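Pasted below: structure-v6.cif, mmCIF, N, CA and C atoms.
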data_run
loop_
_atom_site.label_atom_id
_atom_site.label_comp_id
_atom_site.auth_asym_id
_atom_site.auth_seq_id
_atom_site.Cartn_x
_atom_site.Cartn_y
_atom_site.Cartn_z
N MET A 1 11.55 -14.89 -40.29
CA MET A 1 12.37 -15.99 -40.75
C MET A 1 12.33 -16.03 -42.27
N GLU A 2 13.51 -15.99 -42.89
CA GLU A 2 13.59 -16.02 -44.35
C GLU A 2 14.10 -17.39 -44.79
N THR A 3 13.19 -18.27 -45.11
CA THR A 3 13.54 -19.59 -45.62
C THR A 3 12.93 -19.72 -47.00
N THR A 4 13.78 -20.04 -47.97
CA THR A 4 13.30 -20.23 -49.33
C THR A 4 13.75 -21.60 -49.82
N VAL A 5 12.85 -22.28 -50.49
CA VAL A 5 13.14 -23.56 -51.12
C VAL A 5 12.96 -23.35 -52.61
N GLU A 6 14.00 -23.65 -53.39
CA GLU A 6 13.91 -23.57 -54.84
C GLU A 6 14.39 -24.89 -55.43
N GLN A 7 13.72 -25.28 -56.50
CA GLN A 7 14.09 -26.55 -57.15
C GLN A 7 13.81 -26.43 -58.65
N PRO A 8 14.85 -26.60 -59.47
CA PRO A 8 14.60 -26.62 -60.91
C PRO A 8 13.79 -27.85 -61.29
N ALA A 9 12.98 -27.71 -62.31
CA ALA A 9 12.16 -28.84 -62.77
C ALA A 9 11.98 -28.74 -64.27
N LEU A 10 11.87 -29.87 -64.91
CA LEU A 10 11.59 -29.90 -66.33
C LEU A 10 10.13 -30.28 -66.50
N ALA A 11 9.42 -29.50 -67.29
CA ALA A 11 8.02 -29.78 -67.59
C ALA A 11 7.89 -30.07 -69.07
N ARG A 12 6.76 -30.60 -69.44
CA ARG A 12 6.43 -30.81 -70.85
C ARG A 12 5.15 -30.04 -71.12
N LEU A 13 5.25 -29.02 -71.97
CA LEU A 13 4.09 -28.25 -72.38
C LEU A 13 3.36 -29.05 -73.45
N ILE A 14 2.08 -29.31 -73.23
CA ILE A 14 1.28 -30.07 -74.18
C ILE A 14 0.56 -29.07 -75.08
N THR A 15 0.82 -29.15 -76.37
CA THR A 15 0.22 -28.20 -77.32
C THR A 15 -1.15 -28.69 -77.76
N ALA A 16 -1.85 -27.81 -78.47
CA ALA A 16 -3.17 -28.17 -79.00
C ALA A 16 -3.07 -29.33 -79.98
N GLU A 17 -1.89 -29.54 -80.58
CA GLU A 17 -1.68 -30.64 -81.51
C GLU A 17 -1.14 -31.89 -80.81
N ASP A 18 -1.23 -31.92 -79.48
CA ASP A 18 -0.74 -33.02 -78.64
C ASP A 18 0.76 -33.26 -78.77
N GLN A 19 1.51 -32.22 -79.07
CA GLN A 19 2.97 -32.32 -79.05
C GLN A 19 3.45 -31.96 -77.65
N GLU A 20 4.60 -32.50 -77.26
CA GLU A 20 5.19 -32.21 -75.97
C GLU A 20 6.46 -31.39 -76.18
N ILE A 21 6.47 -30.19 -75.63
CA ILE A 21 7.62 -29.30 -75.75
C ILE A 21 8.28 -29.16 -74.38
N PRO A 22 9.58 -29.49 -74.27
CA PRO A 22 10.25 -29.35 -72.98
C PRO A 22 10.33 -27.87 -72.55
N VAL A 23 10.04 -27.63 -71.28
CA VAL A 23 10.05 -26.28 -70.72
C VAL A 23 10.72 -26.36 -69.35
N SER A 24 11.67 -25.47 -69.11
CA SER A 24 12.28 -25.43 -67.78
C SER A 24 11.40 -24.59 -66.86
N ALA A 25 11.44 -24.93 -65.60
CA ALA A 25 10.67 -24.20 -64.58
C ALA A 25 11.45 -24.24 -63.28
N THR A 26 11.09 -23.34 -62.39
CA THR A 26 11.65 -23.37 -61.05
C THR A 26 10.49 -23.42 -60.07
N LEU A 27 10.50 -24.43 -59.21
CA LEU A 27 9.51 -24.55 -58.14
C LEU A 27 10.07 -23.77 -56.97
N ARG A 28 9.23 -22.94 -56.35
CA ARG A 28 9.74 -22.06 -55.30
C ARG A 28 8.74 -21.96 -54.16
N TYR A 29 9.29 -21.87 -52.94
CA TYR A 29 8.49 -21.73 -51.72
C TYR A 29 9.25 -20.81 -50.79
N THR A 30 8.54 -19.95 -50.09
CA THR A 30 9.18 -19.09 -49.10
C THR A 30 8.36 -19.09 -47.82
N ALA A 31 9.05 -19.14 -46.71
CA ALA A 31 8.37 -19.13 -45.41
C ALA A 31 7.65 -17.81 -45.17
N ASP A 32 8.02 -16.77 -45.91
CA ASP A 32 7.33 -15.48 -45.78
C ASP A 32 5.91 -15.53 -46.34
N ASP A 33 5.64 -16.49 -47.21
CA ASP A 33 4.29 -16.69 -47.77
C ASP A 33 4.00 -18.19 -47.65
N PRO A 34 3.83 -18.69 -46.43
CA PRO A 34 3.88 -20.12 -46.16
C PRO A 34 2.72 -20.95 -46.71
N LEU A 35 1.66 -20.31 -47.15
CA LEU A 35 0.52 -21.07 -47.69
C LEU A 35 0.62 -21.27 -49.19
N ALA A 36 1.59 -20.63 -49.84
CA ALA A 36 1.67 -20.62 -51.30
C ALA A 36 2.92 -21.32 -51.82
N VAL A 37 2.82 -21.79 -53.05
CA VAL A 37 3.98 -22.23 -53.82
C VAL A 37 3.97 -21.44 -55.12
N PHE A 38 5.14 -21.34 -55.73
CA PHE A 38 5.31 -20.57 -56.95
C PHE A 38 5.95 -21.46 -58.01
N VAL A 39 5.51 -21.30 -59.25
CA VAL A 39 6.15 -21.97 -60.37
C VAL A 39 6.59 -20.86 -61.31
N ASP A 40 7.91 -20.72 -61.46
CA ASP A 40 8.48 -19.67 -62.30
C ASP A 40 8.89 -20.27 -63.64
N PHE A 41 8.48 -19.59 -64.73
CA PHE A 41 8.86 -19.99 -66.07
C PHE A 41 9.69 -18.88 -66.70
N PRO A 42 10.74 -19.23 -67.44
CA PRO A 42 11.57 -18.19 -68.08
C PRO A 42 10.84 -17.56 -69.27
N ALA A 43 11.35 -16.42 -69.71
CA ALA A 43 10.72 -15.65 -70.78
C ALA A 43 10.49 -16.48 -72.04
N GLU A 44 11.42 -17.35 -72.38
CA GLU A 44 11.28 -18.13 -73.61
C GLU A 44 10.13 -19.13 -73.57
N ALA A 45 9.56 -19.35 -72.39
CA ALA A 45 8.44 -20.28 -72.26
C ALA A 45 7.09 -19.59 -72.37
N SER A 46 7.08 -18.25 -72.49
CA SER A 46 5.81 -17.54 -72.52
C SER A 46 5.54 -16.93 -73.89
N LEU A 47 4.28 -16.69 -74.17
CA LEU A 47 3.89 -16.08 -75.44
C LEU A 47 4.36 -14.63 -75.53
N GLU A 48 4.39 -13.92 -74.40
CA GLU A 48 4.76 -12.51 -74.39
C GLU A 48 6.26 -12.29 -74.30
N GLY A 49 7.04 -13.35 -74.13
CA GLY A 49 8.48 -13.21 -74.01
C GLY A 49 8.93 -12.61 -72.70
N GLU A 50 8.15 -12.78 -71.65
CA GLU A 50 8.48 -12.28 -70.32
C GLU A 50 8.42 -13.43 -69.32
N ASP A 51 9.19 -13.30 -68.24
CA ASP A 51 9.11 -14.30 -67.17
C ASP A 51 7.68 -14.38 -66.66
N VAL A 52 7.26 -15.59 -66.30
CA VAL A 52 5.91 -15.81 -65.79
C VAL A 52 5.99 -16.58 -64.49
N THR A 53 5.23 -16.15 -63.50
CA THR A 53 5.14 -16.85 -62.22
C THR A 53 3.68 -17.17 -61.93
N TRP A 54 3.41 -18.42 -61.63
CA TRP A 54 2.08 -18.84 -61.16
C TRP A 54 2.18 -19.09 -59.68
N THR A 55 1.20 -18.61 -58.92
CA THR A 55 1.15 -18.78 -57.48
C THR A 55 -0.15 -19.48 -57.12
N PHE A 56 -0.05 -20.50 -56.28
CA PHE A 56 -1.24 -21.20 -55.84
C PHE A 56 -0.96 -21.85 -54.49
N ALA A 57 -2.01 -22.37 -53.88
CA ALA A 57 -1.90 -22.93 -52.53
C ALA A 57 -1.02 -24.18 -52.49
N ARG A 58 -0.18 -24.23 -51.48
CA ARG A 58 0.65 -25.42 -51.28
C ARG A 58 -0.22 -26.65 -51.07
N SER A 59 -1.35 -26.48 -50.40
CA SER A 59 -2.26 -27.61 -50.17
C SER A 59 -2.87 -28.11 -51.48
N LEU A 60 -3.03 -27.23 -52.47
CA LEU A 60 -3.53 -27.65 -53.78
C LEU A 60 -2.53 -28.59 -54.45
N LEU A 61 -1.26 -28.27 -54.36
CA LEU A 61 -0.24 -29.16 -54.92
C LEU A 61 -0.27 -30.51 -54.23
N ASP A 62 -0.36 -30.49 -52.92
CA ASP A 62 -0.44 -31.74 -52.14
C ASP A 62 -1.64 -32.57 -52.58
N ASP A 63 -2.81 -31.94 -52.64
CA ASP A 63 -4.02 -32.65 -53.05
C ASP A 63 -3.92 -33.17 -54.48
N GLY A 64 -3.41 -32.34 -55.38
CA GLY A 64 -3.34 -32.70 -56.79
C GLY A 64 -2.37 -33.82 -57.12
N LEU A 65 -1.44 -34.08 -56.23
CA LEU A 65 -0.53 -35.21 -56.44
C LEU A 65 -1.24 -36.56 -56.22
N ARG A 66 -2.35 -36.53 -55.49
CA ARG A 66 -3.07 -37.76 -55.17
C ARG A 66 -4.37 -37.94 -55.94
N ALA A 67 -5.03 -36.83 -56.29
CA ALA A 67 -6.34 -36.89 -56.96
C ALA A 67 -6.58 -35.55 -57.65
N PRO A 68 -7.51 -35.50 -58.60
CA PRO A 68 -7.81 -34.21 -59.24
C PRO A 68 -8.18 -33.16 -58.19
N ALA A 69 -7.60 -31.96 -58.35
CA ALA A 69 -7.82 -30.90 -57.37
C ALA A 69 -7.81 -29.54 -58.08
N GLY A 70 -8.55 -28.62 -57.51
CA GLY A 70 -8.54 -27.25 -57.99
C GLY A 70 -9.73 -26.94 -58.87
N HIS A 71 -10.07 -25.67 -58.85
CA HIS A 71 -11.13 -25.12 -59.69
C HIS A 71 -10.64 -23.76 -60.15
N GLY A 72 -11.02 -23.36 -61.31
CA GLY A 72 -10.64 -22.02 -61.75
C GLY A 72 -9.29 -21.98 -62.43
N ASP A 73 -8.43 -21.06 -62.00
CA ASP A 73 -7.18 -20.77 -62.71
C ASP A 73 -6.13 -21.88 -62.65
N VAL A 74 -6.11 -22.66 -61.58
CA VAL A 74 -5.11 -23.71 -61.44
C VAL A 74 -5.80 -25.02 -61.08
N GLN A 75 -5.51 -26.05 -61.88
CA GLN A 75 -6.03 -27.38 -61.61
C GLN A 75 -4.87 -28.37 -61.73
N ILE A 76 -4.88 -29.37 -60.87
CA ILE A 76 -3.77 -30.33 -60.80
C ILE A 76 -4.35 -31.73 -60.67
N TRP A 77 -3.75 -32.69 -61.39
CA TRP A 77 -4.20 -34.07 -61.25
C TRP A 77 -3.09 -35.04 -61.64
N PRO A 78 -3.13 -36.25 -61.06
CA PRO A 78 -2.16 -37.28 -61.44
C PRO A 78 -2.45 -37.74 -62.87
N TYR A 79 -1.38 -38.08 -63.58
CA TYR A 79 -1.50 -38.61 -64.93
C TYR A 79 -0.64 -39.86 -65.00
N GLY A 80 -1.28 -41.00 -64.90
CA GLY A 80 -0.53 -42.25 -64.82
C GLY A 80 0.16 -42.35 -63.47
N ARG A 81 1.17 -43.20 -63.41
CA ARG A 81 1.87 -43.41 -62.14
C ARG A 81 3.01 -42.44 -61.90
N THR A 82 3.53 -41.83 -62.97
CA THR A 82 4.76 -41.07 -62.82
C THR A 82 4.65 -39.58 -63.12
N ARG A 83 3.53 -39.14 -63.62
CA ARG A 83 3.40 -37.74 -64.01
C ARG A 83 2.24 -37.06 -63.29
N THR A 84 2.35 -35.74 -63.23
CA THR A 84 1.28 -34.91 -62.69
C THR A 84 1.07 -33.76 -63.66
N VAL A 85 -0.19 -33.45 -63.90
CA VAL A 85 -0.54 -32.36 -64.82
C VAL A 85 -0.90 -31.12 -64.02
N LEU A 86 -0.35 -29.99 -64.45
CA LEU A 86 -0.75 -28.68 -63.93
C LEU A 86 -1.37 -27.92 -65.09
N GLU A 87 -2.59 -27.46 -64.88
CA GLU A 87 -3.32 -26.71 -65.91
C GLU A 87 -3.52 -25.29 -65.40
N PHE A 88 -3.00 -24.32 -66.16
CA PHE A 88 -3.07 -22.92 -65.78
C PHE A 88 -3.98 -22.18 -66.77
N HIS A 89 -4.92 -21.39 -66.24
CA HIS A 89 -5.82 -20.59 -67.07
C HIS A 89 -5.56 -19.12 -66.80
N SER A 90 -5.51 -18.33 -67.87
CA SER A 90 -5.38 -16.87 -67.76
C SER A 90 -6.27 -16.23 -68.81
N PRO A 91 -6.42 -14.92 -68.77
CA PRO A 91 -7.21 -14.25 -69.81
C PRO A 91 -6.62 -14.45 -71.21
N HIS A 92 -5.33 -14.81 -71.28
CA HIS A 92 -4.66 -14.99 -72.56
C HIS A 92 -4.76 -16.40 -73.10
N GLY A 93 -5.25 -17.33 -72.29
CA GLY A 93 -5.36 -18.71 -72.75
C GLY A 93 -5.10 -19.70 -71.64
N MET A 94 -4.76 -20.91 -72.04
CA MET A 94 -4.57 -22.01 -71.12
C MET A 94 -3.26 -22.71 -71.43
N ALA A 95 -2.56 -23.16 -70.40
CA ALA A 95 -1.34 -23.94 -70.56
C ALA A 95 -1.50 -25.25 -69.80
N LEU A 96 -1.14 -26.33 -70.45
CA LEU A 96 -1.22 -27.66 -69.88
C LEU A 96 0.20 -28.21 -69.81
N LEU A 97 0.67 -28.48 -68.59
CA LEU A 97 2.04 -28.94 -68.40
C LEU A 97 2.08 -30.23 -67.61
N GLN A 98 2.98 -31.12 -68.01
CA GLN A 98 3.20 -32.35 -67.26
C GLN A 98 4.55 -32.26 -66.57
N PHE A 99 4.55 -32.63 -65.30
CA PHE A 99 5.78 -32.70 -64.51
C PHE A 99 5.96 -34.13 -64.02
N GLN A 100 7.19 -34.49 -63.72
CA GLN A 100 7.42 -35.76 -63.05
C GLN A 100 6.86 -35.63 -61.63
N ALA A 101 5.97 -36.54 -61.27
CA ALA A 101 5.35 -36.49 -59.94
C ALA A 101 6.41 -36.57 -58.84
N SER A 102 7.46 -37.34 -59.07
CA SER A 102 8.51 -37.48 -58.05
C SER A 102 9.20 -36.14 -57.77
N ALA A 103 9.39 -35.31 -58.79
CA ALA A 103 10.01 -34.00 -58.59
C ALA A 103 9.09 -33.09 -57.77
N LEU A 104 7.80 -33.13 -58.07
CA LEU A 104 6.85 -32.32 -57.31
C LEU A 104 6.75 -32.80 -55.87
N ARG A 105 6.75 -34.11 -55.65
CA ARG A 105 6.70 -34.66 -54.28
C ARG A 105 7.95 -34.26 -53.49
N ARG A 106 9.11 -34.37 -54.13
CA ARG A 106 10.37 -34.01 -53.48
C ARG A 106 10.34 -32.53 -53.06
N PHE A 107 9.87 -31.67 -53.96
CA PHE A 107 9.76 -30.25 -53.65
C PHE A 107 8.80 -30.03 -52.48
N LEU A 108 7.65 -30.67 -52.52
CA LEU A 108 6.65 -30.51 -51.46
C LEU A 108 7.22 -30.96 -50.11
N LEU A 109 7.93 -32.07 -50.09
CA LEU A 109 8.54 -32.54 -48.84
C LEU A 109 9.57 -31.54 -48.32
N ARG A 110 10.31 -30.91 -49.23
CA ARG A 110 11.29 -29.89 -48.82
C ARG A 110 10.58 -28.68 -48.22
N THR A 111 9.41 -28.32 -48.76
CA THR A 111 8.67 -27.19 -48.18
C THR A 111 8.16 -27.55 -46.79
N TYR A 112 7.76 -28.81 -46.61
CA TYR A 112 7.27 -29.25 -45.30
C TYR A 112 8.40 -29.27 -44.28
N ALA A 113 9.63 -29.53 -44.73
CA ALA A 113 10.77 -29.47 -43.82
C ALA A 113 11.03 -28.02 -43.39
N ALA A 114 10.75 -27.07 -44.29
CA ALA A 114 10.94 -25.65 -43.96
C ALA A 114 9.85 -25.14 -43.03
N VAL A 115 8.59 -25.45 -43.36
CA VAL A 115 7.44 -25.07 -42.54
C VAL A 115 6.45 -26.22 -42.58
N ALA A 116 6.28 -26.88 -41.48
CA ALA A 116 5.40 -28.05 -41.43
C ALA A 116 3.95 -27.65 -41.69
N PRO A 117 3.18 -28.55 -42.32
CA PRO A 117 1.76 -28.25 -42.52
C PRO A 117 1.08 -28.01 -41.18
N GLY A 118 0.26 -26.99 -41.12
CA GLY A 118 -0.42 -26.64 -39.88
C GLY A 118 0.38 -25.71 -38.99
N GLN A 119 1.66 -25.50 -39.32
CA GLN A 119 2.52 -24.62 -38.52
C GLN A 119 2.74 -23.26 -39.19
N GLU A 120 2.03 -23.00 -40.29
CA GLU A 120 2.16 -21.73 -40.99
C GLU A 120 1.66 -20.59 -40.10
N ASP A 121 2.34 -19.46 -40.17
CA ASP A 121 1.93 -18.29 -39.39
C ASP A 121 0.84 -17.56 -40.17
N VAL A 122 -0.39 -18.03 -40.03
CA VAL A 122 -1.52 -17.50 -40.78
C VAL A 122 -1.81 -16.06 -40.39
N ALA A 123 -1.65 -15.72 -39.13
CA ALA A 123 -1.91 -14.34 -38.69
C ALA A 123 -0.99 -13.37 -39.42
N LEU A 124 0.27 -13.74 -39.60
CA LEU A 124 1.20 -12.89 -40.32
C LEU A 124 0.79 -12.75 -41.78
N VAL A 125 0.34 -13.83 -42.39
CA VAL A 125 -0.12 -13.79 -43.79
C VAL A 125 -1.31 -12.86 -43.93
N VAL A 126 -2.27 -12.97 -43.02
CA VAL A 126 -3.46 -12.10 -43.06
C VAL A 126 -3.06 -10.65 -42.84
N GLU A 127 -2.18 -10.40 -41.89
CA GLU A 127 -1.73 -9.04 -41.62
C GLU A 127 -1.06 -8.42 -42.85
N ARG A 128 -0.19 -9.17 -43.50
CA ARG A 128 0.48 -8.67 -44.71
C ARG A 128 -0.52 -8.43 -45.83
N GLY A 129 -1.47 -9.33 -45.99
CA GLY A 129 -2.50 -9.18 -47.02
C GLY A 129 -3.33 -7.94 -46.81
N LEU A 130 -3.75 -7.73 -45.58
CA LEU A 130 -4.56 -6.55 -45.27
C LEU A 130 -3.76 -5.27 -45.45
N SER A 131 -2.50 -5.31 -45.07
CA SER A 131 -1.64 -4.15 -45.23
C SER A 131 -1.47 -3.81 -46.71
N ALA A 132 -1.28 -4.82 -47.53
CA ALA A 132 -1.15 -4.59 -48.97
C ALA A 132 -2.45 -4.07 -49.56
N LEU A 133 -3.56 -4.62 -49.09
CA LEU A 133 -4.86 -4.22 -49.60
C LEU A 133 -5.20 -2.78 -49.26
N PHE A 134 -4.89 -2.38 -48.02
CA PHE A 134 -5.23 -1.04 -47.57
C PHE A 134 -4.06 -0.05 -47.64
N GLY A 135 -2.95 -0.50 -48.19
CA GLY A 135 -1.82 0.40 -48.38
C GLY A 135 -1.22 0.96 -47.11
N GLY A 136 -1.23 0.17 -46.05
CA GLY A 136 -0.64 0.62 -44.80
C GLY A 136 -1.45 1.65 -44.04
N VAL A 137 -2.74 1.77 -44.38
CA VAL A 137 -3.61 2.77 -43.71
C VAL A 137 -3.85 2.35 -42.30
#
Translate this structure into structure tokens?
Amino acid sequence: METTVEQPALARLITAEDQEIPVSATLRYTADDPLAVFVDFPAEASLEGEDVTWTFARSLLDDGLRAPAGHGDVQIWPYGRTRTVLEFHSPHGMALLQFQASALRRFLLRTYAAVAPGQEDVALVVERGLSALFGGV
């Protein structure tokens, strides 16, 4: 089943000088990878001038909309009543972005309409992961 949910979103990149720079993003979900969500940023939003995609657990987004969640490369937490912060860490540095919480909730609900929580085909995900890891051996 090929179901994809895409939603444009506007984020605010918070700089080291506490400035807010508007950044466009696309929130994306596919039933082929039902445990993950993707946040795509255009080339002009990255230091290297290339498109950037962050991938993390759909459940992390759900948790982070309500309370601080995540460890390591992706952390998410509510900021006030209307915003949610996504913090991304890479070997090249850290990016701190604020999104409208309502946009993230709307996207999450759309993903749940595509594949309900708990109804993900985990066996298929594991099979694909193992196949990629072992190169089809």
Query - Near-stretch 109-114 of chain A list (7 Å; only N, CA and C atoms; drop same-chain fewer than 3 positions) as a PyMOL selection string - result: chain A and resi 3+5+29+31+104-106+117
Query raised in the report: Can you list, as a PyMOL selection string, every protein, DNA or RNA residue that comes within 8 Å of A:Trp54 when you count only N, CA and C atoms, leaving out same-chain residues fewer than 6 positions away?
Result: chain A and resi 37-41
Resolved residues for the PyMOL selection byres ((chain A and resi 86) around 6) as an mmCIF file with N, CA and C atoms, in the frame of the given file:
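Output (selection-v7.cif):
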data_model
loop_
_atom_site.group_PDB
_atom_site.id
_atom_site.type_symbol
_atom_site.label_atom_id
_atom_site.label_comp_id
_atom_site.auth_asym_id
_atom_site.auth_seq_id
_atom_site.Cartn_x
_atom_site.Cartn_y
_atom_site.Cartn_z
ATOM 1 N N GLN A 75 -5.510 -26.050 -61.880
ATOM 2 C CA GLN A 75 -6.030 -27.380 -61.610
ATOM 3 C C GLN A 75 -4.870 -28.370 -61.730
ATOM 4 N N ILE A 76 -4.880 -29.370 -60.870
ATOM 5 C CA ILE A 76 -3.770 -30.330 -60.800
ATOM 6 C C ILE A 76 -4.350 -31.730 -60.670
ATOM 7 N N TRP A 77 -3.750 -32.690 -61.390
ATOM 8 C CA TRP A 77 -4.200 -34.070 -61.250
ATOM 9 C C TRP A 77 -3.090 -35.040 -61.640
ATOM 10 N N THR A 84 2.350 -35.740 -63.230
ATOM 11 C CA THR A 84 1.280 -34.910 -62.690
ATOM 12 C C THR A 84 1.070 -33.760 -63.660
ATOM 13 N N VAL A 85 -0.190 -33.450 -63.900
ATOM 14 C CA VAL A 85 -0.540 -32.360 -64.820
ATOM 15 C C VAL A 85 -0.900 -31.120 -64.020
ATOM 16 N N GLU A 87 -2.590 -27.460 -64.880
ATOM 17 C CA GLU A 87 -3.320 -26.710 -65.910
ATOM 18 C C GLU A 87 -3.520 -25.290 -65.400
ATOM 19 N N PHE A 88 -3.000 -24.320 -66.160
ATOM 20 C CA PHE A 88 -3.070 -22.920 -65.780
ATOM 21 C C PHE A 88 -3.980 -22.180 -66.770
ATOM 22 N N ALA A 95 -2.560 -23.160 -70.400
ATOM 23 C CA ALA A 95 -1.340 -23.940 -70.560
ATOM 24 C C ALA A 95 -1.500 -25.250 -69.800
ATOM 25 N N LEU A 96 -1.140 -26.330 -70.450
ATOM 26 C CA LEU A 96 -1.220 -27.660 -69.880
ATOM 27 C C LEU A 96 0.200 -28.210 -69.810
ATOM 28 N N LEU A 97 0.670 -28.480 -68.590
ATOM 29 C CA LEU A 97 2.040 -28.940 -68.400
ATOM 30 C C LEU A 97 2.080 -30.230 -67.610
ATOM 31 N N GLN A 98 2.980 -31.120 -68.010
ATOM 32 C CA GLN A 98 3.200 -32.350 -67.260
ATOM 33 C C GLN A 98 4.550 -32.260 -66.570
ATOM 34 N N PHE A 99 4.550 -32.630 -65.300
ATOM 35 C CA PHE A 99 5.780 -32.700 -64.510
ATOM 36 C C PHE A 99 5.960 -34.130 -64.020
#
Report task. Pick out the closest residue to A:Ala101 from this set: A:Arg83, A:His89, A:His71, A:Arg28. Count only C-alpha atoms. Result ->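 Among the listed residues, A:Arg83 lies closest to A:Ala101.
You can rank A:Pro34, A:Ala16, A:Glu6, A:Gln100 by their closest distance to A:Val115 using all atoms listed in the file, and at the top of that list sits A:Pro34.
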